file upload.txt (compact mmCIF, C-alpha atoms and all ligand atoms)
# COMPACT_ATOMS: atom_id res chain seq x y z
CA MET A 1 -9.75 -64.76 22.88
CA HIS A 2 -13.41 -64.39 23.29
CA GLU A 3 -15.92 -63.28 20.67
CA LEU A 4 -13.33 -61.07 19.07
CA VAL A 5 -14.78 -58.76 16.43
CA ARG A 6 -13.36 -56.16 14.11
CA GLU A 7 -15.66 -54.20 11.91
CA PHE A 8 -14.36 -51.66 9.43
CA ARG A 9 -16.40 -48.55 8.70
CA LYS A 10 -18.10 -49.09 5.36
CA GLY A 11 -16.28 -52.38 5.25
CA PRO A 12 -17.02 -55.98 6.15
CA ARG A 13 -17.01 -57.55 9.58
CA ALA A 14 -13.48 -58.68 8.86
CA VAL A 15 -13.34 -60.68 12.09
CA ASP A 16 -16.75 -61.84 13.17
CA GLY A 17 -16.66 -63.28 16.68
CA ILE A 18 -13.64 -65.49 17.07
CA ASP A 19 -12.98 -67.74 20.06
CA LEU A 20 -9.75 -69.62 20.33
CA ALA A 21 -6.97 -70.50 22.72
CA VAL A 22 -3.36 -71.34 21.98
CA GLY A 23 -1.24 -73.29 24.45
CA THR A 24 2.31 -72.47 25.50
CA GLY A 25 4.89 -73.84 23.09
CA GLU A 26 2.25 -74.67 20.54
CA ILE A 27 2.43 -73.81 16.84
CA TYR A 28 -1.05 -72.65 15.88
CA GLY A 29 -1.81 -72.42 12.16
CA PHE A 30 -4.44 -69.89 11.14
CA LEU A 31 -5.47 -71.04 7.70
CA GLY A 32 -7.75 -69.20 5.32
CA PRO A 33 -8.11 -67.71 1.84
CA ASN A 34 -7.44 -64.08 0.85
CA GLY A 35 -9.55 -61.64 2.81
CA ALA A 36 -10.62 -64.23 5.40
CA GLY A 37 -9.60 -61.98 8.31
CA LYS A 38 -6.21 -63.45 9.21
CA SER A 39 -4.19 -60.22 9.19
CA THR A 40 -6.96 -58.31 10.94
CA THR A 41 -6.88 -60.90 13.75
CA VAL A 42 -3.10 -60.71 14.00
CA LEU A 43 -3.18 -56.90 14.08
CA MET A 44 -5.62 -57.02 16.99
CA LEU A 45 -3.62 -59.62 18.90
CA THR A 46 -0.43 -57.62 18.43
CA THR A 47 -2.26 -54.48 19.74
CA LEU A 48 -1.86 -52.59 16.46
CA LEU A 49 -5.60 -52.42 15.80
CA PRO A 50 -8.26 -52.16 18.51
CA PRO A 51 -11.10 -54.68 18.39
CA THR A 52 -14.62 -53.28 17.98
CA ALA A 53 -16.00 -55.93 20.35
CA GLY A 54 -14.93 -58.91 22.38
CA ARG A 55 -11.67 -59.38 24.22
CA ALA A 56 -8.43 -61.30 24.03
CA SER A 57 -5.35 -61.79 26.11
CA VAL A 58 -1.88 -62.62 24.91
CA GLY A 59 0.76 -63.96 27.27
CA GLY A 60 -1.70 -63.40 30.10
CA PHE A 61 -2.22 -59.69 29.34
CA ASP A 62 -5.35 -58.07 27.99
CA ILE A 63 -4.73 -56.65 24.51
CA THR A 64 -6.65 -53.44 25.24
CA ARG A 65 -5.89 -52.71 28.88
CA ASP A 66 -2.32 -54.05 29.06
CA SER A 67 -1.15 -53.42 25.52
CA ALA A 68 2.38 -52.36 26.54
CA LYS A 69 2.90 -55.63 28.42
CA VAL A 70 1.53 -57.59 25.48
CA ARG A 71 3.97 -55.84 23.17
CA ALA A 72 6.88 -56.65 25.48
CA SER A 73 6.11 -60.38 25.39
CA ILE A 74 5.61 -60.78 21.65
CA GLY A 75 7.55 -60.63 18.44
CA ALA A 76 5.79 -60.13 15.13
CA ALA A 77 6.66 -60.42 11.47
CA LEU A 78 3.70 -58.83 9.76
CA GLN A 79 2.50 -59.12 6.21
CA GLU A 80 3.43 -55.57 5.36
CA ALA A 81 7.03 -55.57 6.48
CA ALA A 82 8.30 -52.11 7.34
CA LEU A 83 11.90 -52.35 6.15
CA ASP A 84 13.95 -49.35 5.11
CA PRO A 85 15.54 -49.96 1.70
CA ILE A 86 18.60 -47.82 2.39
CA LEU A 87 19.60 -49.63 5.59
CA THR A 88 21.51 -52.91 5.55
CA GLY A 89 20.28 -56.07 7.23
CA ARG A 90 22.80 -55.63 10.02
CA GLU A 91 21.78 -52.01 10.57
CA HIS A 92 18.13 -53.04 10.87
CA LEU A 93 18.99 -55.59 13.55
CA MET A 94 21.28 -53.19 15.45
CA LEU A 95 18.55 -50.56 15.39
CA GLN A 96 15.95 -53.03 16.62
CA ALA A 97 18.30 -54.21 19.39
CA THR A 98 18.70 -50.59 20.51
CA LEU A 99 14.96 -49.92 20.38
CA GLN A 100 14.33 -53.04 22.43
CA GLY A 101 16.79 -51.82 25.02
CA LEU A 102 19.44 -54.52 24.69
CA PRO A 103 22.65 -53.50 26.50
CA SER A 104 25.13 -52.20 23.92
CA ARG A 105 27.65 -55.03 24.44
CA ARG A 106 24.91 -57.60 23.62
CA ARG A 107 23.73 -55.86 20.42
CA ASN A 108 26.59 -56.93 18.14
CA GLU A 109 26.51 -60.47 19.39
CA ARG A 110 22.73 -60.84 19.09
CA THR A 111 22.79 -59.33 15.60
CA ARG A 112 25.51 -61.73 14.44
CA GLU A 113 23.69 -64.68 15.98
CA LEU A 114 20.38 -63.87 14.29
CA LEU A 115 21.92 -63.09 10.89
CA GLU A 116 23.55 -66.49 11.04
CA ARG A 117 20.36 -68.22 12.06
CA VAL A 118 18.28 -66.85 9.19
CA GLY A 119 21.10 -67.31 6.67
CA LEU A 120 21.80 -63.65 6.00
CA THR A 121 25.40 -63.44 7.21
CA GLU A 122 26.79 -62.93 3.72
CA ALA A 123 24.18 -60.35 2.77
CA ALA A 124 24.36 -58.59 6.15
CA ASP A 125 26.08 -55.47 4.89
CA ARG A 126 24.06 -55.03 1.72
CA ARG A 127 21.19 -52.59 1.58
CA VAL A 128 17.78 -54.16 2.04
CA GLY A 129 16.56 -52.45 -1.14
CA GLY A 130 18.53 -55.07 -3.05
CA TYR A 131 17.22 -58.06 -1.08
CA SER A 132 14.92 -60.65 -2.65
CA GLY A 133 11.45 -61.20 -1.24
CA GLY A 134 12.66 -64.27 0.63
CA MET A 135 15.60 -62.44 2.16
CA LYS A 136 13.27 -59.70 3.39
CA ARG A 137 10.97 -62.26 5.03
CA ARG A 138 13.95 -63.84 6.73
CA LEU A 139 15.24 -60.48 7.97
CA ASP A 140 11.75 -59.74 9.20
CA LEU A 141 11.74 -62.96 11.21
CA ALA A 142 15.15 -62.12 12.70
CA LEU A 143 13.87 -58.67 13.69
CA ALA A 144 10.91 -60.24 15.48
CA LEU A 145 13.28 -62.42 17.51
CA VAL A 146 15.73 -59.76 18.74
CA HIS A 147 14.30 -59.44 22.26
CA GLN A 148 13.69 -63.20 22.64
CA PRO A 149 9.91 -62.99 22.85
CA ARG A 150 7.90 -65.85 24.33
CA ILE A 151 5.22 -65.52 21.69
CA LEU A 152 5.75 -65.06 18.00
CA PHE A 153 3.25 -63.88 15.40
CA LEU A 154 3.98 -64.61 11.77
CA ASP A 155 1.57 -63.33 9.13
CA GLU A 156 1.95 -65.41 5.97
CA PRO A 157 5.69 -65.81 6.48
CA THR A 158 6.25 -67.94 3.40
CA THR A 159 3.97 -66.35 0.81
CA GLY A 160 6.04 -65.85 -2.32
CA LEU A 161 9.03 -67.85 -1.09
CA ASP A 162 10.72 -70.51 -3.20
CA PRO A 163 10.42 -74.08 -1.87
CA GLN A 164 13.93 -74.05 -0.42
CA SER A 165 13.48 -70.83 1.57
CA ARG A 166 10.08 -72.09 2.69
CA ALA A 167 11.57 -75.31 4.03
CA ALA A 168 14.30 -73.37 5.84
CA LEU A 169 11.73 -71.12 7.48
CA TRP A 170 9.59 -74.08 8.54
CA GLU A 171 12.64 -75.63 10.13
CA GLU A 172 13.46 -72.47 12.05
CA VAL A 173 9.89 -72.08 13.30
CA GLU A 174 9.84 -75.71 14.44
CA ARG A 175 13.16 -75.24 16.19
CA LEU A 176 11.91 -72.13 18.02
CA ALA A 177 8.86 -73.99 19.32
CA ARG A 178 10.72 -77.18 20.18
CA ASP A 179 14.01 -75.88 21.62
CA GLU A 180 12.98 -72.51 22.98
CA GLY A 181 9.41 -73.31 23.94
CA MET A 182 8.17 -70.37 21.92
CA THR A 183 4.45 -70.14 21.19
CA VAL A 184 3.88 -69.44 17.51
CA PHE A 185 0.74 -68.03 15.91
CA LEU A 186 1.14 -68.28 12.19
CA THR A 187 -1.22 -67.41 9.37
CA THR A 188 -1.10 -69.07 6.00
CA GLN A 189 -3.13 -69.74 2.89
CA TYR A 190 -1.15 -72.90 2.21
CA LEU A 191 -2.62 -76.23 3.19
CA GLU A 192 0.71 -78.02 3.16
CA GLU A 193 2.18 -75.39 5.43
CA ALA A 194 -0.52 -75.68 8.07
CA ASP A 195 -0.39 -79.44 7.74
CA ALA A 196 3.38 -79.73 8.07
CA LEU A 197 4.01 -77.14 10.71
CA ALA A 198 1.04 -76.60 12.97
CA ASP A 199 0.20 -78.62 16.07
CA ARG A 200 -3.29 -77.25 15.77
CA ILE A 201 -5.15 -75.46 13.01
CA GLY A 202 -8.01 -73.00 12.94
CA ILE A 203 -9.61 -72.57 9.55
CA ILE A 204 -10.99 -69.07 9.08
CA ASP A 205 -13.39 -68.01 6.36
CA ARG A 206 -15.18 -64.65 6.10
CA GLY A 207 -14.22 -63.70 9.64
CA ARG A 208 -15.41 -66.91 11.27
CA ILE A 209 -13.69 -70.08 12.40
CA VAL A 210 -15.21 -72.90 10.40
CA ALA A 211 -13.09 -75.74 11.79
CA GLU A 212 -10.47 -76.29 14.45
CA GLY A 213 -8.29 -79.17 15.60
CA THR A 214 -5.10 -81.05 14.91
CA PRO A 215 -4.47 -81.59 11.18
CA ALA A 216 -4.95 -85.32 11.64
CA ARG A 217 -8.25 -84.94 13.48
CA LEU A 218 -9.66 -82.45 11.00
CA LYS A 219 -8.89 -84.78 8.15
CA ALA A 220 -10.19 -87.82 10.01
CA GLU A 221 -13.49 -85.98 10.56
CA ILE A 222 -13.92 -85.70 6.82
CA GLY A 223 -13.45 -89.35 6.15
CA SER A 224 -11.11 -92.26 6.16
CA PRO A 225 -8.23 -92.72 3.75
CA SER A 226 -8.67 -94.92 0.72
CA VAL A 227 -6.33 -97.02 -1.31
CA GLU A 228 -6.46 -97.39 -5.08
CA VAL A 229 -4.97 -100.53 -6.60
CA THR A 230 -4.32 -101.23 -10.29
CA PRO A 231 -3.55 -104.86 -11.17
CA ALA A 232 -0.65 -105.66 -13.48
CA GLN A 233 -2.93 -107.99 -15.50
CA LYS A 234 -6.21 -106.41 -16.66
CA ASP A 235 -8.20 -109.65 -16.25
CA ASP A 236 -7.25 -109.81 -12.56
CA ILE A 237 -9.65 -106.96 -11.87
CA GLY A 238 -12.54 -109.19 -10.78
CA ARG A 239 -10.38 -111.17 -8.39
CA LEU A 240 -8.83 -107.96 -7.07
CA GLY A 241 -12.29 -106.54 -6.38
CA GLU A 242 -13.24 -109.63 -4.37
CA LEU A 243 -10.05 -109.55 -2.31
CA LEU A 244 -10.34 -105.85 -1.51
CA ALA A 245 -14.05 -106.01 -0.67
CA GLY A 246 -13.03 -107.62 2.62
CA PHE A 247 -11.39 -104.38 3.75
CA GLY A 248 -14.25 -101.91 3.30
CA ASP A 249 -16.49 -100.29 0.71
CA SER A 250 -14.86 -100.73 -2.65
CA LYS A 251 -15.61 -99.51 -6.11
CA ARG A 252 -14.17 -100.10 -9.55
CA GLY A 253 -12.63 -97.13 -11.36
CA SER A 254 -13.00 -96.54 -15.11
CA ASN A 255 -9.22 -96.76 -15.49
CA GLY A 256 -9.04 -100.43 -14.49
CA SER A 257 -8.38 -99.89 -10.80
CA VAL A 258 -10.24 -100.70 -7.59
CA THR A 259 -10.54 -98.20 -4.75
CA VAL A 260 -11.38 -99.27 -1.24
CA GLN A 261 -12.19 -97.06 1.75
CA LEU A 262 -10.25 -97.96 4.88
CA PRO A 263 -12.46 -97.19 7.89
CA GLY A 264 -9.71 -98.26 10.27
CA GLY A 265 -7.16 -95.96 8.63
CA GLU A 266 -4.01 -96.68 6.72
CA ALA A 267 -2.97 -99.42 9.15
CA ALA A 268 -4.87 -101.85 6.90
CA LEU A 269 -2.37 -101.19 4.12
CA ALA A 270 0.16 -103.78 5.24
CA GLU A 271 -2.54 -106.45 5.46
CA ILE A 272 -3.79 -105.58 1.96
CA VAL A 273 -0.32 -105.97 0.53
CA ARG A 274 0.05 -109.32 2.31
CA VAL A 275 -3.30 -110.64 1.05
CA LEU A 276 -2.61 -109.59 -2.54
CA ASP A 277 0.83 -111.14 -2.35
CA SER A 278 -0.31 -114.46 -0.91
CA ASN A 279 -2.98 -114.67 -3.64
CA ASP A 280 -0.33 -114.10 -6.31
CA LEU A 281 -2.05 -111.01 -7.51
CA HIS A 282 0.53 -108.75 -9.15
CA VAL A 283 0.00 -105.10 -8.68
CA GLU A 284 0.98 -102.35 -11.05
CA THR A 285 0.30 -99.40 -8.74
CA LEU A 286 -0.99 -99.00 -5.24
CA GLN A 287 -1.84 -95.50 -4.09
CA LEU A 288 -2.96 -94.25 -0.71
CA HIS A 289 -5.30 -91.22 -0.78
CA GLN A 290 -5.50 -89.23 2.44
CA PRO A 291 -8.29 -86.72 2.86
CA SER A 292 -6.69 -83.28 2.65
CA LEU A 293 -7.34 -80.02 4.49
CA ASP A 294 -8.82 -78.80 1.24
CA ASP A 295 -11.48 -81.49 1.62
CA VAL A 296 -12.10 -80.12 5.12
CA PHE A 297 -12.52 -76.58 3.83
CA LEU A 298 -14.77 -77.78 1.03
CA ALA A 299 -16.95 -79.72 3.46
CA LYS A 300 -17.34 -76.72 5.79
CA THR A 301 -17.82 -73.93 3.25
CA GLY A 302 -18.84 -75.58 0.00
CA ARG A 303 -15.86 -73.97 -1.73
CA LYS A 304 -12.30 -75.00 -2.47
CA LEU A 305 -9.71 -73.27 -0.30
CA GLU A 306 -7.24 -72.69 -3.10
CA GLY A 307 -8.48 -69.66 -4.97
CA ALA A 308 -11.37 -68.94 -2.57
CA GLY A 309 -10.80 -65.20 -2.18
CA THR A 310 -13.39 -62.65 -1.09
CA GLU A 311 -14.04 -61.61 -4.67
N1 LIG B 1 -8.31 -51.03 6.96
C1 LIG B 1 -9.35 -51.67 6.39
N2 LIG B 1 -10.46 -51.00 6.02
C2 LIG B 1 -11.51 -51.63 5.46
N3 LIG B 1 -11.55 -52.95 5.21
C3 LIG B 1 -10.48 -53.69 5.55
C4 LIG B 1 -9.31 -53.09 6.15
N4 LIG B 1 -8.40 -54.08 6.38
C5 LIG B 1 -8.96 -55.22 5.94
N5 LIG B 1 -10.20 -55.00 5.45
C6 LIG B 1 -11.11 -56.02 4.92
O1 LIG B 1 -11.28 -57.02 5.90
C7 LIG B 1 -11.31 -58.31 5.32
C8 LIG B 1 -10.25 -59.19 5.95
O2 LIG B 1 -8.97 -58.71 5.58
P1 LIG B 1 -7.61 -59.36 6.11
O3 LIG B 1 -6.50 -58.49 5.64
O4 LIG B 1 -7.72 -59.59 7.56
O5 LIG B 1 -7.60 -60.74 5.35
P2 LIG B 1 -6.45 -61.84 5.26
O6 LIG B 1 -7.06 -63.11 5.71
O7 LIG B 1 -5.24 -61.37 5.97
O8 LIG B 1 -6.17 -61.94 3.71
P3 LIG B 1 -4.80 -62.16 2.89
O9 LIG B 1 -4.58 -63.63 2.81
O10 LIG B 1 -5.11 -61.61 1.55
O11 LIG B 1 -3.72 -61.43 3.59
C9 LIG B 1 -11.15 -58.11 3.82
O12 LIG B 1 -12.43 -58.13 3.24
C10 LIG B 1 -10.52 -56.75 3.72
O13 LIG B 1 -10.88 -56.14 2.51
MG MG B 2 -3.38 -60.98 5.39
call {"tool": "encode", "arguments": {"input": "upload.txt", "output": "structure tokens"}}
result
Amino acid sequence: MHELVREFRKGPRAVDGIDLAVGTGEIYGFLGPNGAGKSTTVLMLTTLLPPTAGRASVGGFDITRDSAKVRASIGAALQEAALDPILTGREHLMLQATLQGLPSRRRNERTRELLERVGLTEAADRRVGGYSGGMKRRLDLALALVHQPRILFLDEPTTGLDPQSRAALWEEVERLARDEGMTVFLTTQYLEEADALADRIGIIDRGRIVAEGTPARLKAEIGSPSVEVTPAQKDDIGRLGELLAGFGDSKRGSNGSVTVQLPGGEAALAEIVRVLDSNDLHVETLQLHQPSLDDVFLAKTGRKLEGAGTE
């Protein structure tokens, strides 16, 4: 996409000139707080909302000029899922299969396959009105997959899910990218989610991309990891400080520990353990601190990501 903009009348510039590219088979994590412009971007890319400026293409088709072709190549599970409470999960899938023009003999089979894959086989013939939030998100994902799209958009697919359902969804998304070569554009406000799942991350704040890269690179930009060591014997602290000083900048904590920055990364950890061991210095705890994506967000915007809404 190029300089993509969406302005709402009497509203903010929800998306304020975004440039990004996502490769085939890549999982791209679009990370940002409430109101950052994630859903607005997804709505434009899925042709449901026209941009006010700029352009973008999805699957090689322009979102404005070739919107029908874009729609044929994508699947989308949007934030506001449009499920009908009086239909069952199976009925939703059968209906979607019909709308997508699947031959009638394939519809049953595809429906059964997808219900199984998202773990809704047992609940298949219950009305969606009685589904939990997690079950609805899973059905929504299944609906997006009916026509085997090459590109999948997921808008905050795990918001409100319990840890178990979240892990199951992560696994399915990873499988789709890995085994089926699907390109996935996923929005999230969860650091761990972007970190665990995405090959590449774009951090969006107030309609603008403030950082982009692999999770590892973004964190490495912020700084190197550090290790905090607490000696088993309090009076070893001086000796510990001397030993650790050889590995990088170190400082003593108020709680009787020493923290040392590791400019070369966590690879130094094994050597630290060896040195402490060969000097008979007994350690009570040894903790590695990695810079987090929250540190990245903080560095770029001056605010913490968690809880950084528009308000
Ligand atoms: N239809 C609309 N009319 C006016 N303003 C809108 C409209 N839709 C979104 N906005 C505004 O645009 C901004 C971006 O909203 P958007 O829904 O894209 O954020 P988001 O990143 O998806 O947030 P969330 O994590 O809460 O879903 C917000 O300030 C929002 O209030
Ligand atoms: Mg949203």
call {"tool": "closest_residue", "arguments": {"input": "upload.txt", "among": "A:Tyr190, A:Phe247, A:Phe61, A:Tyr28", "to": "ligand LIG 1 (chain B)", "atoms": "all atoms listed in the file"}}
result
A:Tyr190
call {"tool": "atom_distance", "arguments": {"input": "upload.txt", "atom1": "atom CA of Asp125 of chain A", "atom2": "atom CA of Ile74 of chain A"}}
result
27.0 Å
call {"tool": "atom_distance", "arguments": {"input": "upload.txt", "atom1": "atom CA of Asp140 of chain A", "atom2": "atom CA of Val22 of chain A"}}
result
22.9 Å
call {"tool": "residues_near_ligand", "arguments": {"input": "upload.txt", "ligand": "ligand LIG 1 (chain B)", "cutoff": "9 Å", "atoms": "all atoms listed in the file", "output": "ChimeraX atom specification"}}
result
/A:6-15,31-43,79,155-156,187-189,204-207,309-311
call {"tool": "residues_around", "arguments": {"input": "upload.txt", "residues": "Ala232 of chain A", "least_positions_apart": "5", "cutoff": "6 Å", "atoms": "all atoms listed in the file", "output": "list in words"}}
result
His282, Val283 and Glu284 of chain A
call {"tool": "atom_distance", "arguments": {"input": "upload.txt", "atom1": "atom CA of Ile27 of chain A", "atom2": "atom CA of Ala77 of chain A"}}
result
15.0 Å
call {"tool": "residues_around", "arguments": {"input": "upload.txt", "residues": "Asp280 of chain A", "least_positions_apart": "4", "cutoff": "12 Å", "atoms": "all atoms listed in the file", "output": "list in words"}}
result
Pro231, Ala232, Gln233, Asp236, Arg239, Leu240, Leu243, Val273, Arg274, Val275 and Leu276 of chain A
call {"tool": "closest_residue", "arguments": {"input": "upload.txt", "among": "A:Ala21, A:Leu186, A:Leu176, A:Lys136", "to": "ligand MG 2 (chain B)", "atoms": "all atoms listed in the file"}}
result
A:Leu186
call {"tool": "closest_residue", "arguments": {"input": "upload.txt", "among": "A:Gln148, A:Ser224, A:Thr88, A:Thr183", "to": "Arg110 of chain A", "atoms": "all atoms listed in the file"}}
result
A:Gln148
call {"tool": "closest_residue", "arguments": {"input": "upload.txt", "among": "A:Glu171, A:Glu228, A:Glu271, A:Glu192", "to": "Ser250 of chain A", "atoms": "only C-alpha atoms"}}
result
A:Glu228
call {"tool": "residues_around", "arguments": {"input": "upload.txt", "residues": "Phe297 of chain A", "least_positions_apart": "5", "cutoff": "9 Å", "atoms": "all atoms listed in the file", "output": "JSON, numbers by chain"}}
result
{"A": [32, 203, 205, 210, 211, 292, 302, 303, 304, 305]}
call {"tool": "write_last_selection", "arguments": {"input": "upload.txt", "atoms": "C-alpha atoms", "output": "PDB file, in the frame of the given file"}}
result
ATOM      1  CA  GLY A  32      -7.750 -69.200   5.320  1.00  0.00           C
ATOM      2  CA  ILE A 203      -9.610 -72.570   9.550  1.00  0.00           C
ATOM      3  CA  ASP A 205     -13.390 -68.010   6.360  1.00  0.00           C
ATOM      4  CA  VAL A 210     -15.210 -72.900  10.400  1.00  0.00           C
ATOM      5  CA  ALA A 211     -13.090 -75.740  11.790  1.00  0.00           C
ATOM      6  CA  SER A 292      -6.690 -83.280   2.650  1.00  0.00           C
ATOM      7  CA  GLY A 302     -18.840 -75.580   0.000  1.00  0.00           C
ATOM      8  CA  ARG A 303     -15.860 -73.970  -1.730  1.00  0.00           C
ATOM      9  CA  LYS A 304     -12.300 -75.000  -2.470  1.00  0.00           C
ATOM     10  CA  LEU A 305      -9.710 -73.270  -0.300  1.00  0.00           C
TER      11      LEU A 305
END
call {"tool": "closest_residue", "arguments": {"input": "upload.txt", "among": "A:Pro157, A:Pro291, A:Gly246, A:Gly253", "to": "ligand MG 2 (chain B)", "atoms": "only C-alpha atoms and all ligand atoms"}}
result
A:Pro157
call {"tool": "closest_residue", "arguments": {"input": "upload.txt", "among": "A:Glu113, A:Phe185, A:Glu80, A:Lys219", "to": "ligand MG 2 (chain B)", "atoms": "all atoms listed in the file"}}
result
A:Glu80
call {"tool": "residues_near_point", "arguments": {"input": "upload.txt", "point": "(-5.9, -83.7, 6.7)", "cutoff": "8 Å", "atoms": "all atoms listed in the file", "output": "count of residues only"}}
result
14
